Amino acid sequence: GGKNDMRYPLFLQDEGTIGFVAPSFGCATEPYKTAFLHSQQRFMEMGYRLDLGPNCYAQEGVGISNTPEKCGKELNEYLLTEKADVLISCGGGELMCETLDYVDFKGISEASPKWYMGYSDNTNLTFLLTTLCDTASIYGPCAGAFGMEPWHESIQDALDLLQGKKLVMKGYDKWEKEAGKCEENPLVPYQVTEERILRRFPDADSEFSGRLLGGCMDCLVNLLGTRYDRVTDFTRKYQEDGIIWFLESCDLNVFAIRRAIWQMQHAGWFSHVKGFLIGRPLVFGEEMMGLDQYHAVYDLLKGYQVPVIMDVDLGHLPPQMPLICGSLAAVSCRGNELEVRMELK
């Protein structure tokens, strides 16, 4: 094993085919359905062909679009055949982990790689494509986000990344605390009102590089210790590069975040770490018994003596910088400016 083992899919070409799959929730209900339909229209206007998987509008499953077996089958069909050039997940959800027993990871690691983009519950695939199959994936917006009018800059960034046109991300000026998207208004853009303020521990400018790895902590700790957890093998394999962990949370309160960090730490996941990029937690600004979102993370991570940058544009409080999980990244943090420069090596 070594540096050249990471596999990078071909980027989306002009007139290429975008495939849509729903291993987590589908787009069966509002506002997701209208947003997804509008996304399709936008992509078609740009000259792309579309290929919708059988579960895109399904609502037969529990916490996912369909039965775990049917969801796994859809993923295999789209990852192992030439049906589509890149894949975008329909949405996040709750129980995508249950599909994993039906996903052919061995076949995927032997087939030619394909970009898969999604976040949140999609961590169950983006993270495992990288750690189990040495295949880069994109932690970024799901299909419905491309339906907003007008597009936020981060949505354009995600498409530019899928096309291979932009590999340097810098974050955005403002973020959304309260979403405006609802059944009555399915195409409303992000309501960005809050100033981006990076919190840095230690509070100093920093530059570091390593392989990007991470996703939604809710999902990551759920995989930890299962047969899908090959993280320590992965970090050992790429130890010369070191790892930059990007982490964000959805349903976790500050104590659950701290327990998640403790668990990953004690499982040895953070060996060979070069730095941490921590997204804004969905429950932002929470304090419980004197514990806030910063101490929840940094009190445990300071022992690694690497930069910990928090309230990064990642995750459930949009916008989010799309990141290539598995890529070699150079991160520079100066004052309130963050730059992530990704290389495909």
# chains A, B, ... in the order shown; residues from 1 in each chain; ligands from 1
$ residues_around --residues "A:Glu343" --least-positions-apart "3" --cutoff "10 Å" --atoms "only C-alpha atoms" --output "list in words"
Leu167, Val168, Arg211, Ile324, Gly326, Ser327, Leu328, Ala329, Ala330 and Val340 of chain A
$ write_last_selection --atoms "N, CA, C and O atoms" --output "PDB file, in the first residue's frame"
ATOM      1  N   LEU A 167     -10.870  22.744  -7.619  1.00  0.00           N
ATOM      2  CA  LEU A 167     -10.366  21.853  -6.564  1.00  0.00           C
ATOM      3  C   LEU A 167      -9.872  22.634  -5.351  1.00  0.00           C
ATOM      4  O   LEU A 167      -9.245  22.070  -4.462  1.00  0.00           O
ATOM      5  N   VAL A 168     -10.145  23.938  -5.342  1.00  0.00           N
ATOM      6  CA  VAL A 168      -9.768  24.771  -4.198  1.00  0.00           C
ATOM      7  C   VAL A 168     -11.032  25.390  -3.618  1.00  0.00           C
ATOM      8  O   VAL A 168     -11.767  26.080  -4.321  1.00  0.00           O
ATOM      9  N   ARG A 211      -4.581  13.577   4.082  1.00  0.00           N
ATOM     10  CA  ARG A 211      -5.681  13.026   3.303  1.00  0.00           C
ATOM     11  C   ARG A 211      -7.003  13.321   4.000  1.00  0.00           C
ATOM     12  O   ARG A 211      -7.144  13.083   5.197  1.00  0.00           O
ATOM     13  N   ILE A 324     -13.570  16.460  -1.335  1.00  0.00           N
ATOM     14  CA  ILE A 324     -13.299  15.118  -1.850  1.00  0.00           C
ATOM     15  C   ILE A 324     -12.695  14.274  -0.733  1.00  0.00           C
ATOM     16  O   ILE A 324     -11.547  14.473  -0.325  1.00  0.00           O
ATOM     17  N   GLY A 326     -10.811  11.417   0.700  1.00  0.00           N
ATOM     18  CA  GLY A 326      -9.758  10.589   0.118  1.00  0.00           C
ATOM     19  C   GLY A 326      -8.688  11.385  -0.597  1.00  0.00           C
ATOM     20  O   GLY A 326      -7.593  10.872  -0.846  1.00  0.00           O
ATOM     21  N   SER A 327      -8.993  12.653  -0.929  1.00  0.00           N
ATOM     22  CA  SER A 327      -8.000  13.452  -1.658  1.00  0.00           C
ATOM     23  C   SER A 327      -6.912  13.940  -0.715  1.00  0.00           C
ATOM     24  O   SER A 327      -7.077  13.965   0.501  1.00  0.00           O
ATOM     25  N   LEU A 328      -5.787  14.328  -1.295  1.00  0.00           N
ATOM     26  CA  LEU A 328      -4.684  14.890  -0.529  1.00  0.00           C
ATOM     27  C   LEU A 328      -4.892  16.393  -0.495  1.00  0.00           C
ATOM     28  O   LEU A 328      -4.944  17.034  -1.548  1.00  0.00           O
ATOM     29  N   ALA A 329      -5.053  16.961   0.680  1.00  0.00           N
ATOM     30  CA  ALA A 329      -5.408  18.372   0.777  1.00  0.00           C
ATOM     31  C   ALA A 329      -4.356  19.175   1.519  1.00  0.00           C
ATOM     32  O   ALA A 329      -3.730  18.676   2.461  1.00  0.00           O
ATOM     33  N   ALA A 330      -4.171  20.402   1.060  1.00  0.00           N
ATOM     34  CA  ALA A 330      -3.347  21.371   1.789  1.00  0.00           C
ATOM     35  C   ALA A 330      -4.310  22.416   2.333  1.00  0.00           C
ATOM     36  O   ALA A 330      -5.043  23.053   1.569  1.00  0.00           O
ATOM     37  N   VAL A 340      -8.910  25.213   1.332  1.00  0.00           N
ATOM     38  CA  VAL A 340      -8.648  23.778   1.218  1.00  0.00           C
ATOM     39  C   VAL A 340      -8.316  23.486  -0.237  1.00  0.00           C
ATOM     40  O   VAL A 340      -9.160  23.622  -1.112  1.00  0.00           O
TER      41      VAL A 340
END
$ residues_around --residues "A:Leu223" --least-positions-apart "4" --cutoff "8 Å" --atoms "only C-alpha atoms" --output "number ranges by chain"
A: 97, 124, 219, 228-229
$ atom_distance --atom1 "atom CA of A:Gly214" --atom2 "atom CA of A:Phe246"
4.8 Å
$ residues_around --residues "stretch 255-268 of chain A" --least-positions-apart "4" --cutoff "9 Å" --atoms "only C-alpha atoms" --output "ChimeraX atom specification"
/A:217-218,220-221,224-225,231-232,249,251,281,288,291-293,295-297,299-301
$ write_last_selection --atoms "all heavy atoms" --output "compact mmCIF listing (two decimals), in the first residue's frame"
# COMPACT_ATOMS: atom_id res chain seq x y z
N MET A 217 -20.68 12.67 12.13
CA MET A 217 -20.30 11.86 13.30
C MET A 217 -21.39 10.92 13.76
O MET A 217 -21.11 9.84 14.26
CB MET A 217 -19.88 12.76 14.46
CG MET A 217 -18.52 13.38 14.28
SD MET A 217 -17.96 14.19 15.80
CE MET A 217 -18.67 15.81 15.60
N ASP A 218 -22.65 11.33 13.58
CA ASP A 218 -23.77 10.45 13.97
C ASP A 218 -23.59 9.09 13.28
O ASP A 218 -23.80 8.04 13.89
CB ASP A 218 -25.12 11.04 13.53
CG ASP A 218 -25.34 12.48 13.94
OD1 ASP A 218 -24.41 13.28 13.81
OD2 ASP A 218 -26.46 12.81 14.35
N LEU A 220 -20.71 8.03 11.64
CA LEU A 220 -19.37 7.45 11.81
C LEU A 220 -19.27 6.58 13.06
O LEU A 220 -18.75 5.47 13.01
CB LEU A 220 -18.31 8.56 11.84
CG LEU A 220 -18.11 9.30 10.52
CD1 LEU A 220 -17.16 10.48 10.71
CD2 LEU A 220 -17.56 8.36 9.45
N VAL A 221 -19.78 7.07 14.19
CA VAL A 221 -19.66 6.27 15.41
C VAL A 221 -20.56 5.03 15.34
O VAL A 221 -20.30 4.03 16.00
CB VAL A 221 -19.94 7.06 16.71
CG1 VAL A 221 -18.86 8.09 16.94
CG2 VAL A 221 -21.30 7.71 16.68
N LEU A 224 -18.45 2.48 13.71
CA LEU A 224 -17.24 2.16 14.47
C LEU A 224 -17.38 0.81 15.18
O LEU A 224 -18.38 0.54 15.83
CB LEU A 224 -17.01 3.29 15.49
CG LEU A 224 -15.63 3.44 16.08
CD1 LEU A 224 -15.44 4.88 16.55
CD2 LEU A 224 -15.43 2.50 17.25
N GLY A 225 -16.38 -0.04 15.00
CA GLY A 225 -16.40 -1.34 15.66
C GLY A 225 -17.16 -2.42 14.91
O GLY A 225 -17.16 -3.58 15.32
N VAL A 231 -10.85 1.64 9.56
CA VAL A 231 -10.22 2.96 9.61
C VAL A 231 -8.76 2.88 10.03
O VAL A 231 -7.91 3.55 9.45
CB VAL A 231 -11.00 3.90 10.55
CG1 VAL A 231 -10.29 5.23 10.70
CG2 VAL A 231 -12.41 4.12 9.99
N THR A 232 -8.46 2.06 11.04
CA THR A 232 -7.05 2.04 11.47
C THR A 232 -6.15 1.46 10.38
O THR A 232 -5.02 1.91 10.22
CB THR A 232 -6.88 1.27 12.80
OG1 THR A 232 -7.51 -0.01 12.69
CG2 THR A 232 -7.51 2.04 13.95
N SER A 249 -21.95 17.28 12.79
CA SER A 249 -22.94 16.48 13.49
C SER A 249 -24.34 16.97 13.19
O SER A 249 -24.56 18.13 12.86
CB SER A 249 -22.69 16.52 15.00
OG SER A 249 -22.73 17.85 15.46
N ASP A 251 -27.82 15.20 14.84
CA ASP A 251 -28.72 15.11 16.00
C ASP A 251 -27.99 15.11 17.34
O ASP A 251 -28.63 15.00 18.38
CB ASP A 251 -29.55 13.82 15.92
CG ASP A 251 -30.50 13.83 14.73
OD1 ASP A 251 -30.91 14.93 14.32
OD2 ASP A 251 -30.81 12.75 14.21
N PRO A 281 -22.29 22.44 14.32
CA PRO A 281 -23.30 21.42 14.67
C PRO A 281 -24.70 21.96 14.37
O PRO A 281 -24.94 23.17 14.47
CB PRO A 281 -23.09 21.20 16.17
CG PRO A 281 -22.38 22.40 16.66
CD PRO A 281 -21.63 22.99 15.50
N MET A 288 -24.67 22.99 27.75
CA MET A 288 -25.29 22.15 28.77
C MET A 288 -24.31 21.98 29.92
O MET A 288 -23.18 21.53 29.70
CB MET A 288 -25.63 20.77 28.18
CG MET A 288 -26.66 20.83 27.05
SD MET A 288 -26.89 19.23 26.23
CE MET A 288 -28.03 18.45 27.36
N LEU A 291 -20.89 23.03 29.30
CA LEU A 291 -20.17 22.50 28.14
C LEU A 291 -20.74 23.09 26.85
O LEU A 291 -21.95 23.02 26.63
CB LEU A 291 -20.28 20.96 28.08
CG LEU A 291 -19.47 20.30 26.96
CD1 LEU A 291 -17.97 20.40 27.21
CD2 LEU A 291 -19.86 18.84 26.77
N ASP A 292 -19.86 23.68 26.03
CA ASP A 292 -20.34 24.20 24.74
C ASP A 292 -19.74 23.37 23.60
O ASP A 292 -18.99 22.42 23.82
CB ASP A 292 -19.99 25.69 24.58
CG ASP A 292 -18.49 25.96 24.53
OD1 ASP A 292 -17.69 25.02 24.34
OD2 ASP A 292 -18.11 27.14 24.68
N GLN A 293 -20.09 23.75 22.35
CA GLN A 293 -19.68 22.95 21.19
C GLN A 293 -18.17 22.96 20.97
O GLN A 293 -17.64 22.07 20.31
CB GLN A 293 -20.40 23.45 19.93
CG GLN A 293 -20.03 24.85 19.50
CD GLN A 293 -21.10 25.49 18.62
OE1 GLN A 293 -22.30 25.47 18.93
NE2 GLN A 293 -20.68 26.06 17.50
N HIS A 295 -15.64 23.26 23.56
CA HIS A 295 -15.00 22.39 24.56
C HIS A 295 -15.37 20.92 24.35
O HIS A 295 -14.60 20.03 24.67
CB HIS A 295 -15.37 22.84 25.98
CG HIS A 295 -14.71 24.12 26.37
ND1 HIS A 295 -13.38 24.17 26.73
CD2 HIS A 295 -15.17 25.40 26.41
CE1 HIS A 295 -13.06 25.43 26.99
NE2 HIS A 295 -14.12 26.19 26.81
N ALA A 296 -16.55 20.69 23.79
CA ALA A 296 -16.99 19.31 23.51
C ALA A 296 -15.96 18.60 22.64
O ALA A 296 -15.73 17.40 22.77
CB ALA A 296 -18.34 19.32 22.81
N VAL A 297 -15.32 19.36 21.77
CA VAL A 297 -14.37 18.79 20.81
C VAL A 297 -12.93 19.01 21.26
O VAL A 297 -12.13 18.08 21.37
CB VAL A 297 -14.61 19.44 19.42
CG1 VAL A 297 -13.52 19.03 18.44
CG2 VAL A 297 -15.98 19.04 18.87
N ASP A 299 -11.38 19.93 24.07
CA ASP A 299 -10.81 19.40 25.32
C ASP A 299 -10.19 18.03 25.11
O ASP A 299 -9.20 17.68 25.76
CB ASP A 299 -11.89 19.33 26.41
CG ASP A 299 -12.29 20.71 26.91
OD1 ASP A 299 -11.67 21.70 26.48
OD2 ASP A 299 -13.23 20.80 27.73
N LEU A 300 -10.78 17.23 24.21
CA LEU A 300 -10.25 15.90 23.95
C LEU A 300 -9.18 15.90 22.86
O LEU A 300 -8.29 15.06 22.86
CB LEU A 300 -11.38 14.94 23.55
CG LEU A 300 -12.46 14.69 24.61
CD1 LEU A 300 -13.49 13.70 24.09
CD2 LEU A 300 -11.85 14.16 25.91
N LEU A 301 -9.29 16.83 21.91
CA LEU A 301 -8.38 16.79 20.75
C LEU A 301 -7.09 17.56 20.96
O LEU A 301 -6.14 17.41 20.19
CB LEU A 301 -9.09 17.32 19.50
CG LEU A 301 -10.29 16.51 19.02
CD1 LEU A 301 -10.82 17.09 17.71
CD2 LEU A 301 -9.95 15.02 18.87
$ closest_residue --among "A:Asp134, A:Glu183, A:Asp14, A:Glu195" --to "A:Asp85" --atoms "only C-alpha atoms"
A:Asp14
$ residues_around --residues "stretch 25-38 of chain A" --least-positions-apart "6" --cutoff "10 Å" --atoms "only C-alpha atoms" --output "number ranges by chain"
A: 44, 54-66, 89-96, 121-122, 142-149, 181-188
$ closest_residue --among "A:Gly47, A:Gly275, A:Gly19, A:Gly180" --to "A:Phe208" --atoms "only C-alpha atoms"
A:Gly275
$ closest_residue --among "A:Gly290, A:Gly215, A:Gly335, A:Gly171" --to "A:Val312" --atoms "only C-alpha atoms"
A:Gly171
$ residues_around --residues "A:Phe201" --least-positions-apart "3" --cutoff "12 Å" --atoms "only C-alpha atoms" --output "ChimeraX atom specification"
/A:198,204-206,275-278,294-295,297-311,333
$ write_last_selection --atoms "C-alpha atoms" --output "compact mmCIF listing (two decimals), in the first residue's frame"
# COMPACT_ATOMS: atom_id res chain seq x y z
CA LEU A 198 -13.92 30.49 12.35
CA ALA A 204 -3.05 30.97 15.43
CA ASP A 205 -2.64 30.86 11.67
CA SER A 206 -1.84 27.36 10.48
CA GLY A 275 -5.51 18.56 11.68
CA PHE A 276 -9.27 18.72 12.23
CA LEU A 277 -11.95 20.65 10.35
CA ILE A 278 -15.13 20.68 12.44
CA TYR A 294 -16.04 24.06 21.31
CA HIS A 295 -15.00 22.39 24.56
CA VAL A 297 -14.37 18.79 20.81
CA TYR A 298 -11.19 20.60 21.74
CA ASP A 299 -10.81 19.40 25.32
CA LEU A 300 -10.25 15.90 23.95
CA LEU A 301 -8.38 16.79 20.75
CA LYS A 302 -5.83 19.23 22.16
CA GLY A 303 -3.57 16.32 23.13
CA TYR A 304 -2.82 15.68 19.45
CA GLN A 305 -1.19 19.13 19.19
CA VAL A 306 -2.56 19.73 15.69
CA PRO A 307 -4.79 22.58 14.49
CA VAL A 308 -8.50 22.22 15.27
CA ILE A 309 -10.59 24.61 13.17
CA MET A 310 -14.24 24.89 14.13
CA ASP A 311 -17.47 26.34 12.72
CA CYS A 333 -6.10 29.02 7.82
$ select_by_dssp --residues "stretch 155-291 of chain A" --states "strand (DSSP E or B)" --output "NGL selection string"
:A and (168-169 or 174-175 or 182 or 185 or 194-195 or 199-201 or 206-216 or 243-248 or 273-279 or 287-288 or 291)
$ residues_around --residues "stretch 71-74 of chain A" --least-positions-apart "6" --cutoff "8 Å" --atoms "only C-alpha atoms" --output "list in words"
Val21, Ala22, Pro23, Ser24, Gly53, Pro54, Asn55, Ser65, Thr99, Leu100, Asp101, Tyr102 and Val103 of chain A
$ write_last_selection --atoms "N, CA, C and O atoms" --output "PDB file, in the first residue's frame"
ATOM      1  N   VAL A  21     -29.658   8.256  -7.125  1.00  0.00           N
ATOM      2  CA  VAL A  21     -30.009   7.062  -6.349  1.00  0.00           C
ATOM      3  C   VAL A  21     -30.525   7.506  -4.982  1.00  0.00           C
ATOM      4  O   VAL A  21     -30.250   8.623  -4.545  1.00  0.00           O
ATOM      5  N   ALA A  22     -31.263   6.619  -4.319  1.00  0.00           N
ATOM      6  CA  ALA A  22     -31.860   6.984  -3.030  1.00  0.00           C
ATOM      7  C   ALA A  22     -31.606   5.911  -1.974  1.00  0.00           C
ATOM      8  O   ALA A  22     -32.527   5.238  -1.524  1.00  0.00           O
ATOM      9  N   PRO A  23     -30.336   5.756  -1.565  1.00  0.00           N
ATOM     10  CA  PRO A  23     -30.039   4.771  -0.524  1.00  0.00           C
ATOM     11  C   PRO A  23     -30.460   5.243   0.866  1.00  0.00           C
ATOM     12  O   PRO A  23     -30.473   4.484   1.810  1.00  0.00           O
ATOM     13  N   SER A  24     -30.801   6.531   0.980  1.00  0.00           N
ATOM     14  CA  SER A  24     -31.370   7.068   2.210  1.00  0.00           C
ATOM     15  C   SER A  24     -32.788   7.505   1.826  1.00  0.00           C
ATOM     16  O   SER A  24     -33.433   6.804   1.057  1.00  0.00           O
ATOM     17  N   GLY A  53     -32.614   6.267 -10.615  1.00  0.00           N
ATOM     18  CA  GLY A  53     -32.727   4.929 -10.056  1.00  0.00           C
ATOM     19  C   GLY A  53     -34.152   4.641  -9.611  1.00  0.00           C
ATOM     20  O   GLY A  53     -34.959   5.566  -9.433  1.00  0.00           O
ATOM     21  N   PRO A  54     -34.480   3.363  -9.417  1.00  0.00           N
ATOM     22  CA  PRO A  54     -35.855   2.955  -9.110  1.00  0.00           C
ATOM     23  C   PRO A  54     -36.388   3.477  -7.776  1.00  0.00           C
ATOM     24  O   PRO A  54     -37.598   3.478  -7.553  1.00  0.00           O
ATOM     25  N   ASN A  55     -35.504   3.934  -6.878  1.00  0.00           N
ATOM     26  CA  ASN A  55     -35.976   4.343  -5.548  1.00  0.00           C
ATOM     27  C   ASN A  55     -36.112   5.851  -5.360  1.00  0.00           C
ATOM     28  O   ASN A  55     -36.453   6.305  -4.264  1.00  0.00           O
ATOM     29  N   SER A  65     -35.551   5.053   1.582  1.00  0.00           N
ATOM     30  CA  SER A  65     -36.570   5.083   0.533  1.00  0.00           C
ATOM     31  C   SER A  65     -37.295   3.757   0.332  1.00  0.00           C
ATOM     32  O   SER A  65     -38.476   3.723  -0.005  1.00  0.00           O
ATOM     33  N   THR A  99     -28.571  -0.647   4.665  1.00  0.00           N
ATOM     34  CA  THR A  99     -28.369  -1.082   3.272  1.00  0.00           C
ATOM     35  C   THR A  99     -27.011  -1.746   3.073  1.00  0.00           C
ATOM     36  O   THR A  99     -26.800  -2.453   2.088  1.00  0.00           O
ATOM     37  N   LEU A 100     -26.082  -1.514   3.999  1.00  0.00           N
ATOM     38  CA  LEU A 100     -24.678  -1.870   3.744  1.00  0.00           C
ATOM     39  C   LEU A 100     -24.449  -3.358   3.534  1.00  0.00           C
ATOM     40  O   LEU A 100     -23.570  -3.755   2.769  1.00  0.00           O
ATOM     41  N   ASP A 101     -25.241  -4.188   4.189  1.00  0.00           N
ATOM     42  CA  ASP A 101     -25.077  -5.633   4.030  1.00  0.00           C
ATOM     43  C   ASP A 101     -25.381  -6.085   2.601  1.00  0.00           C
ATOM     44  O   ASP A 101     -25.044  -7.204   2.215  1.00  0.00           O
ATOM     45  N   TYR A 102     -26.029  -5.218   1.827  1.00  0.00           N
ATOM     46  CA  TYR A 102     -26.398  -5.572   0.455  1.00  0.00           C
ATOM     47  C   TYR A 102     -25.553  -4.837  -0.583  1.00  0.00           C
ATOM     48  O   TYR A 102     -25.810  -4.934  -1.772  1.00  0.00           O
ATOM     49  N   VAL A 103     -24.558  -4.081  -0.116  1.00  0.00           N
ATOM     50  CA  VAL A 103     -23.689  -3.345  -1.041  1.00  0.00           C
ATOM     51  C   VAL A 103     -22.443  -4.193  -1.322  1.00  0.00           C
ATOM     52  O   VAL A 103     -21.803  -4.703  -0.403  1.00  0.00           O
TER      53      VAL A 103
END
$ select_by_dssp --residues "stretch 204-311 of chain A" --states "alpha helix (DSSP H)" --output "count of residues only"
34
$ atom_distance --atom1 "atom CA of A:Met46" --atom2 "atom CA of A:Lys174"
27.7 Å
$ closest_residue --among "A:Leu282, A:Leu213, A:Ala84, A:Ile197" --to "A:Ile244" --atoms "only C-alpha atoms"
A:Leu213
$ residues_around --residues "A:Glu178" --least-positions-apart "3" --cutoff "12 Å" --atoms "only C-alpha atoms" --output "compact mmCIF listing (two decimals) with N, CA and C atoms, in the first residue's frame"
# COMPACT_ATOMS: atom_id res chain seq x y z
N TRP A 175 -23.80 32.20 6.74
CA TRP A 175 -24.45 30.89 6.81
C TRP A 175 -25.89 31.01 7.29
N LYS A 181 -36.68 26.91 3.32
CA LYS A 181 -37.29 25.91 2.44
C LYS A 181 -38.39 25.16 3.19
N CYS A 182 -39.57 25.08 2.58
CA CYS A 182 -40.70 24.40 3.22
C CYS A 182 -41.66 23.93 2.13
N PRO A 189 -33.78 29.70 -1.81
CA PRO A 189 -32.34 29.47 -1.58
C PRO A 189 -32.01 29.51 -0.10
N TYR A 190 -30.73 29.22 0.23
CA TYR A 190 -30.30 29.33 1.62
C TYR A 190 -30.56 30.75 2.12
N GLN A 191 -31.07 30.87 3.34
CA GLN A 191 -31.32 32.17 3.97
C GLN A 191 -30.10 32.51 4.81
N VAL A 192 -29.06 33.02 4.17
CA VAL A 192 -27.80 33.23 4.90
C VAL A 192 -27.83 34.58 5.62
N THR A 193 -27.78 34.51 6.95
CA THR A 193 -27.88 35.73 7.78
C THR A 193 -26.72 35.86 8.76
N GLU A 194 -26.07 34.74 9.07
CA GLU A 194 -25.05 34.75 10.15
C GLU A 194 -23.65 34.90 9.56
N LEU A 282 -25.61 21.07 14.01
CA LEU A 282 -26.97 21.49 13.69
C LEU A 282 -27.61 22.19 14.89
N VAL A 283 -27.31 21.66 16.08
CA VAL A 283 -27.78 22.33 17.31
C VAL A 283 -26.69 23.33 17.67
N PHE A 284 -26.79 24.54 17.10
CA PHE A 284 -25.69 25.50 17.20
C PHE A 284 -25.82 26.36 18.45
N HIS A 316 -24.64 20.42 8.26
CA HIS A 316 -26.10 20.59 8.30
C HIS A 316 -26.59 22.02 8.40
N LEU A 317 -25.72 22.97 8.71
CA LEU A 317 -26.11 24.38 8.67
C LEU A 317 -25.41 24.97 7.45
N PRO A 318 -26.13 25.06 6.33
CA PRO A 318 -25.49 25.43 5.07
C PRO A 318 -24.98 26.88 5.09
